[in-house]
Amino acid sequence: MPDPKPTTTEAPPLPDGLLDRLRETLGPRGVVTDAEALAPYLSEWRNRYQGRSAAVLRPASTAETADAVRLCAESGVAITPQGGNTGLVGGAVAEGGVIVSTERLNRIRSVDADTFSMTVEAGCILADVQAAAAEAGRLFPLSLGAEGTCRIGGNLSTNAGGIHVLRYGNARDLVLGLEVVLPDGRVWDGLRALRKDNTGYALKHLFLGAEGTLGIITAAVLRLFPRPAARETALCALPDAAAAIRLFGRCMDAAGDVLNAFECSNRTGVHLAETLVEGVTVPLSTPSPFYALIEFAATGADDGGLRARFEAVLADAMEAGLVTDAVLAETEAQTAGLWRIREGITEAQIPAGLCAKHDVSVPISQIPTFLERAEAEVRAVDPDIRLVAYGHFGDGNIHFNAVRPETVTDEAFRPRIPPIQRAVHDVTMALNGSFSAEHGVGLMKRGDVARYRSAVEVDLMRAVKRAVDPKNLMNPGKVLPPE
Ligand code: FAD
Ligand code: S2G
Ligand code: ZN
């Protein structure tokens with residue numbers, strides 16, 4: 001359960017003289033203290049937390065970032081790194097100190113098509129990185145609902161997932177090199193575009209997924225891939241989750257080399273999208289208990305073979321009773337319409353009302369068991385909950401969101417969230433799963449780290465934190481449970 005919002009947005013004052021020194025270093029555009037200008041940096045996507053900070057620093061280069069961090073470290077002032085502020089676990093919520101926004105670190109430094117790599121600064125918006133790769137005839141495959149706002153430093157720092165993990169891996173799998181400003185202001189330049197480099201500890205992996213608690217990522221060398229020439233997308237109606245898992249197996253067997261996405265949803269998820277979000281239309285004749293949105297994509301000349309392969313897989317699956325209806329998009333507009341349904345499920349949760357959200361993963365074969373057990377636990381707390389179960393089933397990742405009943409207010413529902421989350425995470429962990437598949441820990445899931453990660457794991461993480469950030473100034477209070 002997120003920590004209660006502080007009653008005041010009053011930020012603790014900064015030590016005398018620090019702001020003047022920061023303004024000298026960063027220039028007038030580099031330091032924001034005006035309350036109105038500060039507001040967007042202190043809000044949080046789901047409005048669950050209220051940030052408090054006296055200033056946002058906006059360095060325009062790695063050197064400026066290093067100088068700012070050094071000045072803060074000398075004054076013992078905590079730093080909250082912030083990218084697009086789309087994180088969903090409160091990781092970018094400042095609790096005092098300063099915020100360092102990467103928004104002005106937004107240059108695409110270079111694209112090396114022959115090496116299948118590009119070097120970008122941390123403040124580049126994900127959609128801009130995708131576009132720059134496409135311009136060079138390459139693909140940067142990280143893709144998620146917030147891609148128009150989130151920034152690549154935040155993506156790497158949360159080890160973001162999204163819809164193509166199945167084929168290309170998480171954010172951490174897409175990084176060749178990193179540049180990081182350490183908590184004492186030193187710069188680690190690890191910007192190497194090498195796929196093979198066994199020269200000591202894999203330092204980049206300390207910072208990938210560290211949620212800003214070990215340093216500020218200022219640039220990265222990203223892996224690029226061949227751009228698919230052919231892409232086919234289908235929406236399938238299924239009888240249940242078990243059919244989805246068997247269909248996934250068939251897609252992997254028949255077309256594992258081109259399977260680009262395998263997203264699922266129960267009926268409630270699609271129904272809420274259809275009824276609450278503009279522009280969502282489900283082009284199937286009757287509502288279905290379960291749905292799969294599947295994408296094939298192939299590089300090389302598009303001779304129609306990809307579509308034929310997809311049609312054969314779907315026909316066999318219908319024959320076997322795994323798919324009861326399906327639509328294979330004929331045009332780009334129809335493809336976009338199918339993906340609009342998927343995005344709409346996420347968007348629908350805001351107008352639908354307060355919900356107990358879960359971003360869990362289990363071994364793929366355990367998804368039906370998870371859904372059954374977790375639903376039983378949730379219904380025991382409140383039988384009328386609207387249960388949305390959707391997401392990246394191809395990765396074993398379920399966004400299992402228990403939305404308040406229409407007859408219950410947000411306020412009346414709020415106290416039911418902790419027992420629901422505890423029960424759902426207990427079911428997840430009993431199936432050898434993860435209580436945070438892709439969004440990270442932030443502020444929100446520190447209690448789960450204490451409850452479910454072993455003492456050895458927590459000790460090891462504390463040892464790393466103490467070694468890299470001995471003053472505990474880099475995003476303090478995030479990821480690790482209070483000692
Ligand atoms: P922020 O929110 O600004 O920060 C996130 C964390 O990273 C914080 O701890 C912050 O301190 C740290 N950080 C930010 N920049 C840096 C830096 N340069 N160096 C070090 N630390 C830094 N996430 C998924 O994984 N998969 C999804 O499918 C997905 N879908 C989403 C859909 C929507 C509509 C929304 C709103 C969010 C979604 N998210 C998803 C969550 C979120 O978009 C990701 O966590 C994203 O990677 C956060 O990027 P950001 O730039 O907004 O980071
Ligand atoms: C997604 C985002 C938010 C949610 O859309 O895949 O990661 O509903 C999610 O938890
Ligand atoms: Zn997701």
# chains A, B, ... in the order shown; residues from 1 in each chain; ligands from 1

call {"tool": "closest_atom_pairs", "arguments": {"of": "chain A", "to": "ligand 1", "cutoff": "6 Å", "atoms": "only C-alpha atoms and all ligand atoms", "output": "JSON lines"}}
result
{"residue": "A:Thr80", "atom": "CA", "partner": "ligand 1", "partner_atom_place_in_ligand_line": "11 (O)", "distance": 5.4}
{"residue": "A:Pro81", "atom": "CA", "partner": "ligand 1", "partner_atom_place_in_ligand_line": "11 (O)", "distance": 4.1}
{"residue": "A:Gln82", "atom": "CA", "partner": "ligand 1", "partner_atom_place_in_ligand_line": "3 (O)", "distance": 3.9}
{"residue": "A:Gly83", "atom": "CA", "partner": "ligand 1", "partner_atom_place_in_ligand_line": "3 (O)", "distance": 3.4}
{"residue": "A:Gly84", "atom": "CA", "partner": "ligand 1", "partner_atom_place_in_ligand_line": "52 (O)", "distance": 3.5}
{"residue": "A:Asn85", "atom": "CA", "partner": "ligand 1", "partner_atom_place_in_ligand_line": "2 (O)", "distance": 3.3}
{"residue": "A:Thr86", "atom": "CA", "partner": "ligand 1", "partner_atom_place_in_ligand_line": "52 (O)", "distance": 3.5}
{"residue": "A:Gly87", "atom": "CA", "partner": "ligand 1", "partner_atom_place_in_ligand_line": "2 (O)", "distance": 3.4}
{"residue": "A:Leu88", "atom": "CA", "partner": "ligand 1", "partner_atom_place_in_ligand_line": "41 (C)", "distance": 5.3}
{"residue": "A:Gly91", "atom": "CA", "partner": "ligand 1", "partner_atom_place_in_ligand_line": "9 (O)", "distance": 3.4}
{"residue": "A:Ala92", "atom": "CA", "partner": "ligand 1", "partner_atom_place_in_ligand_line": "8 (C)", "distance": 4.0}
{"residue": "A:Thr102", "atom": "CA", "partner": "ligand 1", "partner_atom_place_in_ligand_line": "18 (N)", "distance": 5.9}
{"residue": "A:Ala122", "atom": "CA", "partner": "ligand 1", "partner_atom_place_in_ligand_line": "18 (N)", "distance": 5.1}
{"residue": "A:Leu144", "atom": "CA", "partner": "ligand 1", "partner_atom_place_in_ligand_line": "28 (O)", "distance": 4.4}
{"residue": "A:Gly145", "atom": "CA", "partner": "ligand 1", "partner_atom_place_in_ligand_line": "32 (C)", "distance": 3.9}
{"residue": "A:Ala146", "atom": "CA", "partner": "ligand 1", "partner_atom_place_in_ligand_line": "33 (C)", "distance": 4.4}
{"residue": "A:Cys150", "atom": "CA", "partner": "ligand 1", "partner_atom_place_in_ligand_line": "51 (O)", "distance": 3.7}
{"residue": "A:Arg151", "atom": "CA", "partner": "ligand 1", "partner_atom_place_in_ligand_line": "51 (O)", "distance": 3.7}
{"residue": "A:Gly153", "atom": "CA", "partner": "ligand 1", "partner_atom_place_in_ligand_line": "18 (N)", "distance": 3.7}
{"residue": "A:Gly154", "atom": "CA", "partner": "ligand 1", "partner_atom_place_in_ligand_line": "14 (C)", "distance": 3.5}
{"residue": "A:Asn155", "atom": "CA", "partner": "ligand 1", "partner_atom_place_in_ligand_line": "47 (O)", "distance": 3.3}
{"residue": "A:Ser157", "atom": "CA", "partner": "ligand 1", "partner_atom_place_in_ligand_line": "7 (O)", "distance": 4.7}
{"residue": "A:Thr158", "atom": "CA", "partner": "ligand 1", "partner_atom_place_in_ligand_line": "47 (O)", "distance": 5.3}
{"residue": "A:Ala160", "atom": "CA", "partner": "ligand 1", "partner_atom_place_in_ligand_line": "25 (O)", "distance": 3.4}
{"residue": "A:Gly161", "atom": "CA", "partner": "ligand 1", "partner_atom_place_in_ligand_line": "25 (O)", "distance": 3.8}
{"residue": "A:Gly162", "atom": "CA", "partner": "ligand 1", "partner_atom_place_in_ligand_line": "28 (O)", "distance": 3.6}
{"residue": "A:Glu211", "atom": "CA", "partner": "ligand 1", "partner_atom_place_in_ligand_line": "9 (O)", "distance": 3.8}
{"residue": "A:Gly212", "atom": "CA", "partner": "ligand 1", "partner_atom_place_in_ligand_line": "21 (N)", "distance": 3.2}
{"residue": "A:Gly215", "atom": "CA", "partner": "ligand 1", "partner_atom_place_in_ligand_line": "20 (C)", "distance": 5.8}
{"residue": "A:Ile216", "atom": "CA", "partner": "ligand 1", "partner_atom_place_in_ligand_line": "19 (N)", "distance": 3.6}
{"residue": "A:Ile217", "atom": "CA", "partner": "ligand 1", "partner_atom_place_in_ligand_line": "19 (N)", "distance": 3.7}
{"residue": "A:Thr218", "atom": "CA", "partner": "ligand 1", "partner_atom_place_in_ligand_line": "18 (N)", "distance": 5.5}
{"residue": "A:Glu438", "atom": "CA", "partner": "ligand 1", "partner_atom_place_in_ligand_line": "25 (O)", "distance": 4.3}
{"residue": "A:His439", "atom": "CA", "partner": "ligand 1", "partner_atom_place_in_ligand_line": "25 (O)", "distance": 4.9}
{"residue": "A:Gly442", "atom": "CA", "partner": "ligand 1", "partner_atom_place_in_ligand_line": "9 (O)", "distance": 5.8}

call {"tool": "select_by_dssp", "arguments": {"residues": "segment 82-297 of chain A", "states": "helix (DSSP H, G or I)", "output": "PyMOL selection string"}}
result
chain A and resi 113-115+126-135+152-157+165-168+171-174+204-207+241-255+267-276

call {"tool": "closest_residue", "arguments": {"among": "A:Pro481, A:Gly169, A:Gly97, A:Pro415", "to": "Arg451 of chain A", "atoms": "only C-alpha atoms"}}
result
A:Pro481

call {"tool": "closest_residue", "arguments": {"among": "A:Asp240, A:Glu179, A:Asp410, A:Glu135", "to": "Ala63 of chain A", "atoms": "only C-alpha atoms"}}
result
A:Glu179

call {"tool": "residues_around", "arguments": {"residues": "Leu191 of chain A", "least_positions_apart": "2", "cutoff": "9 Å", "atoms": "only C-alpha atoms", "output": "list in words"}}
result
Thr119, Leu176, Gly177, Leu178, Glu179, Trp188, Asp189, Ala193, Ala219, Ala220 and Val221 of chain A

call {"tool": "write_last_selection", "arguments": {"atoms": "N, CA and C atoms", "output": "PDB file, in the first residue's frame"}}
result
ATOM      1  N   THR A 119      23.935   5.706 -29.889  1.00  0.00           N
ATOM      2  CA  THR A 119      24.297   6.311 -28.603  1.00  0.00           C
ATOM      3  C   THR A 119      23.370   7.492 -28.351  1.00  0.00           C
ATOM      4  N   LEU A 176      24.253  -1.826 -24.637  1.00  0.00           N
ATOM      5  CA  LEU A 176      25.641  -2.268 -24.803  1.00  0.00           C
ATOM      6  C   LEU A 176      26.566  -1.492 -23.862  1.00  0.00           C
ATOM      7  N   GLY A 177      26.290  -0.219 -23.676  1.00  0.00           N
ATOM      8  CA  GLY A 177      27.179   0.586 -22.828  1.00  0.00           C
ATOM      9  C   GLY A 177      26.396   1.673 -22.094  1.00  0.00           C
ATOM     10  N   LEU A 178      26.972   2.166 -21.008  1.00  0.00           N
ATOM     11  CA  LEU A 178      26.319   3.193 -20.187  1.00  0.00           C
ATOM     12  C   LEU A 178      27.307   4.282 -19.789  1.00  0.00           C
ATOM     13  N   GLU A 179      26.750   5.471 -19.581  1.00  0.00           N
ATOM     14  CA  GLU A 179      27.516   6.558 -18.944  1.00  0.00           C
ATOM     15  C   GLU A 179      26.706   6.944 -17.712  1.00  0.00           C
ATOM     16  N   TRP A 188      31.233   7.730 -14.705  1.00  0.00           N
ATOM     17  CA  TRP A 188      31.721   6.454 -15.232  1.00  0.00           C
ATOM     18  C   TRP A 188      31.373   6.432 -16.715  1.00  0.00           C
ATOM     19  N   ASP A 189      32.396   6.419 -17.596  1.00  0.00           N
ATOM     20  CA  ASP A 189      32.148   6.361 -19.035  1.00  0.00           C
ATOM     21  C   ASP A 189      32.320   4.919 -19.495  1.00  0.00           C
ATOM     22  N   ALA A 193      30.350   0.115 -27.589  1.00  0.00           N
ATOM     23  CA  ALA A 193      29.349  -0.530 -28.468  1.00  0.00           C
ATOM     24  C   ALA A 193      29.790  -1.953 -28.757  1.00  0.00           C
ATOM     25  N   ALA A 219      23.794   8.677 -20.390  1.00  0.00           N
ATOM     26  CA  ALA A 219      23.780   8.274 -21.812  1.00  0.00           C
ATOM     27  C   ALA A 219      23.895   6.757 -21.883  1.00  0.00           C
ATOM     28  N   ALA A 220      23.542   6.225 -23.060  1.00  0.00           N
ATOM     29  CA  ALA A 220      23.601   4.766 -23.225  1.00  0.00           C
ATOM     30  C   ALA A 220      23.891   4.429 -24.676  1.00  0.00           C
ATOM     31  N   VAL A 221      24.588   3.309 -24.865  1.00  0.00           N
ATOM     32  CA  VAL A 221      24.719   2.731 -26.208  1.00  0.00           C
ATOM     33  C   VAL A 221      23.673   1.612 -26.283  1.00  0.00           C
TER      34      VAL A 221
END

call {"tool": "closest_atom_pairs", "arguments": {"of": "chain A", "to": "ligand 2", "cutoff": "10 Å", "atoms": "only C-alpha atoms and all ligand atoms", "output": "tab-separated table"}}
result
residue	atom	partner	partner_atom_place_in_ligand_line	distance
A:Arg46	CA	ligand 2	3 (C)	9.9
A:Thr86	CA	ligand 2	2 (C)	9.7
A:Gly87	CA	ligand 2	3 (C)	9.3
A:Leu88	CA	ligand 2	3 (C)	7.3
A:Val89	CA	ligand 2	10 (O)	9.9
A:Ser143	CA	ligand 2	6 (O)	9.7
A:Leu144	CA	ligand 2	6 (O)	6.6
A:Gly145	CA	ligand 2	5 (O)	5.6
A:Ala146	CA	ligand 2	5 (O)	8.2
A:Ala160	CA	ligand 2	7 (O)	8.8
A:Gly161	CA	ligand 2	7 (O)	7.7
A:Gly162	CA	ligand 2	6 (O)	5.8
A:Ile163	CA	ligand 2	6 (O)	7.2
A:Glu263	CA	ligand 2	6 (O)	9.0
A:Arg342	CA	ligand 2	5 (O)	7.8
A:Glu343	CA	ligand 2	5 (O)	6.4
A:Gly344	CA	ligand 2	5 (O)	8.7
A:Ile345	CA	ligand 2	5 (O)	7.4
A:Thr346	CA	ligand 2	8 (O)	4.7
A:Glu347	CA	ligand 2	8 (O)	7.7
A:Ala348	CA	ligand 2	8 (O)	9.0
A:Gln349	CA	ligand 2	8 (O)	7.1
A:Ile350	CA	ligand 2	8 (O)	9.4
A:Cys355	CA	ligand 2	8 (O)	9.8
A:Ala356	CA	ligand 2	10 (O)	9.8
A:Lys357	CA	ligand 2	10 (O)	6.3
A:His358	CA	ligand 2	10 (O)	6.7
A:Asp359	CA	ligand 2	10 (O)	5.9
A:Val360	CA	ligand 2	10 (O)	9.5
A:Val388	CA	ligand 2	8 (O)	9.1
A:Ala389	CA	ligand 2	8 (O)	9.4
A:Tyr390	CA	ligand 2	6 (O)	8.1
A:Gly391	CA	ligand 2	6 (O)	5.5
A:His392	CA	ligand 2	6 (O)	6.9
A:Asn397	CA	ligand 2	6 (O)	8.9
A:Ile398	CA	ligand 2	6 (O)	8.6
A:His399	CA	ligand 2	10 (O)	5.4
A:Phe400	CA	ligand 2	10 (O)	7.8
A:Asn401	CA	ligand 2	8 (O)	7.2
A:Ala437	CA	ligand 2	7 (O)	9.1
A:Glu438	CA	ligand 2	7 (O)	7.1
A:His439	CA	ligand 2	7 (O)	6.8

call {"tool": "residues_around", "arguments": {"residues": "segment 247-262 of chain A", "least_positions_apart": "5", "cutoff": "6 Å", "atoms": "only C-alpha atoms", "output": "list in words"}}
result
Ile163, His164, Arg167, Leu293, Ile294, Glu295, Phe296, Ala297, Ala298 and Gly394 of chain A

call {"tool": "select_by_dssp", "arguments": {"residues": "segment 75-322 of chain A", "states": "strand (DSSP E or B)", "output": "PyMOL selection string"}}
result
chain A and resi 79-82+95+98-101+108-112+117-121+125+138-139+143+151+162+175-181+187-190+216-223+225-226+230-238+259-266+290-298

call {"tool": "residues_around", "arguments": {"residues": "segment 305-309 of chain A", "least_positions_apart": "3", "cutoff": "7 Å", "atoms": "only C-alpha atoms", "output": "PDB file with C-alpha atoms, in the first residue's frame"}}
result
ATOM      1  CA  GLU A 232       0.713  -9.213 -39.211  1.00  0.00           C
ATOM      2  CA  ALA A 312      -2.273 -21.681 -40.906  1.00  0.00           C
ATOM      3  CA  VAL A 313      -1.569 -21.333 -37.179  1.00  0.00           C
TER       4      VAL A 313
END

call {"tool": "closest_residue", "arguments": {"among": "A:Leu314, A:Val464, A:Val180, A:Leu142", "to": "ligand 3", "atoms": "only C-alpha atoms and all ligand atoms"}}
result
A:Leu142
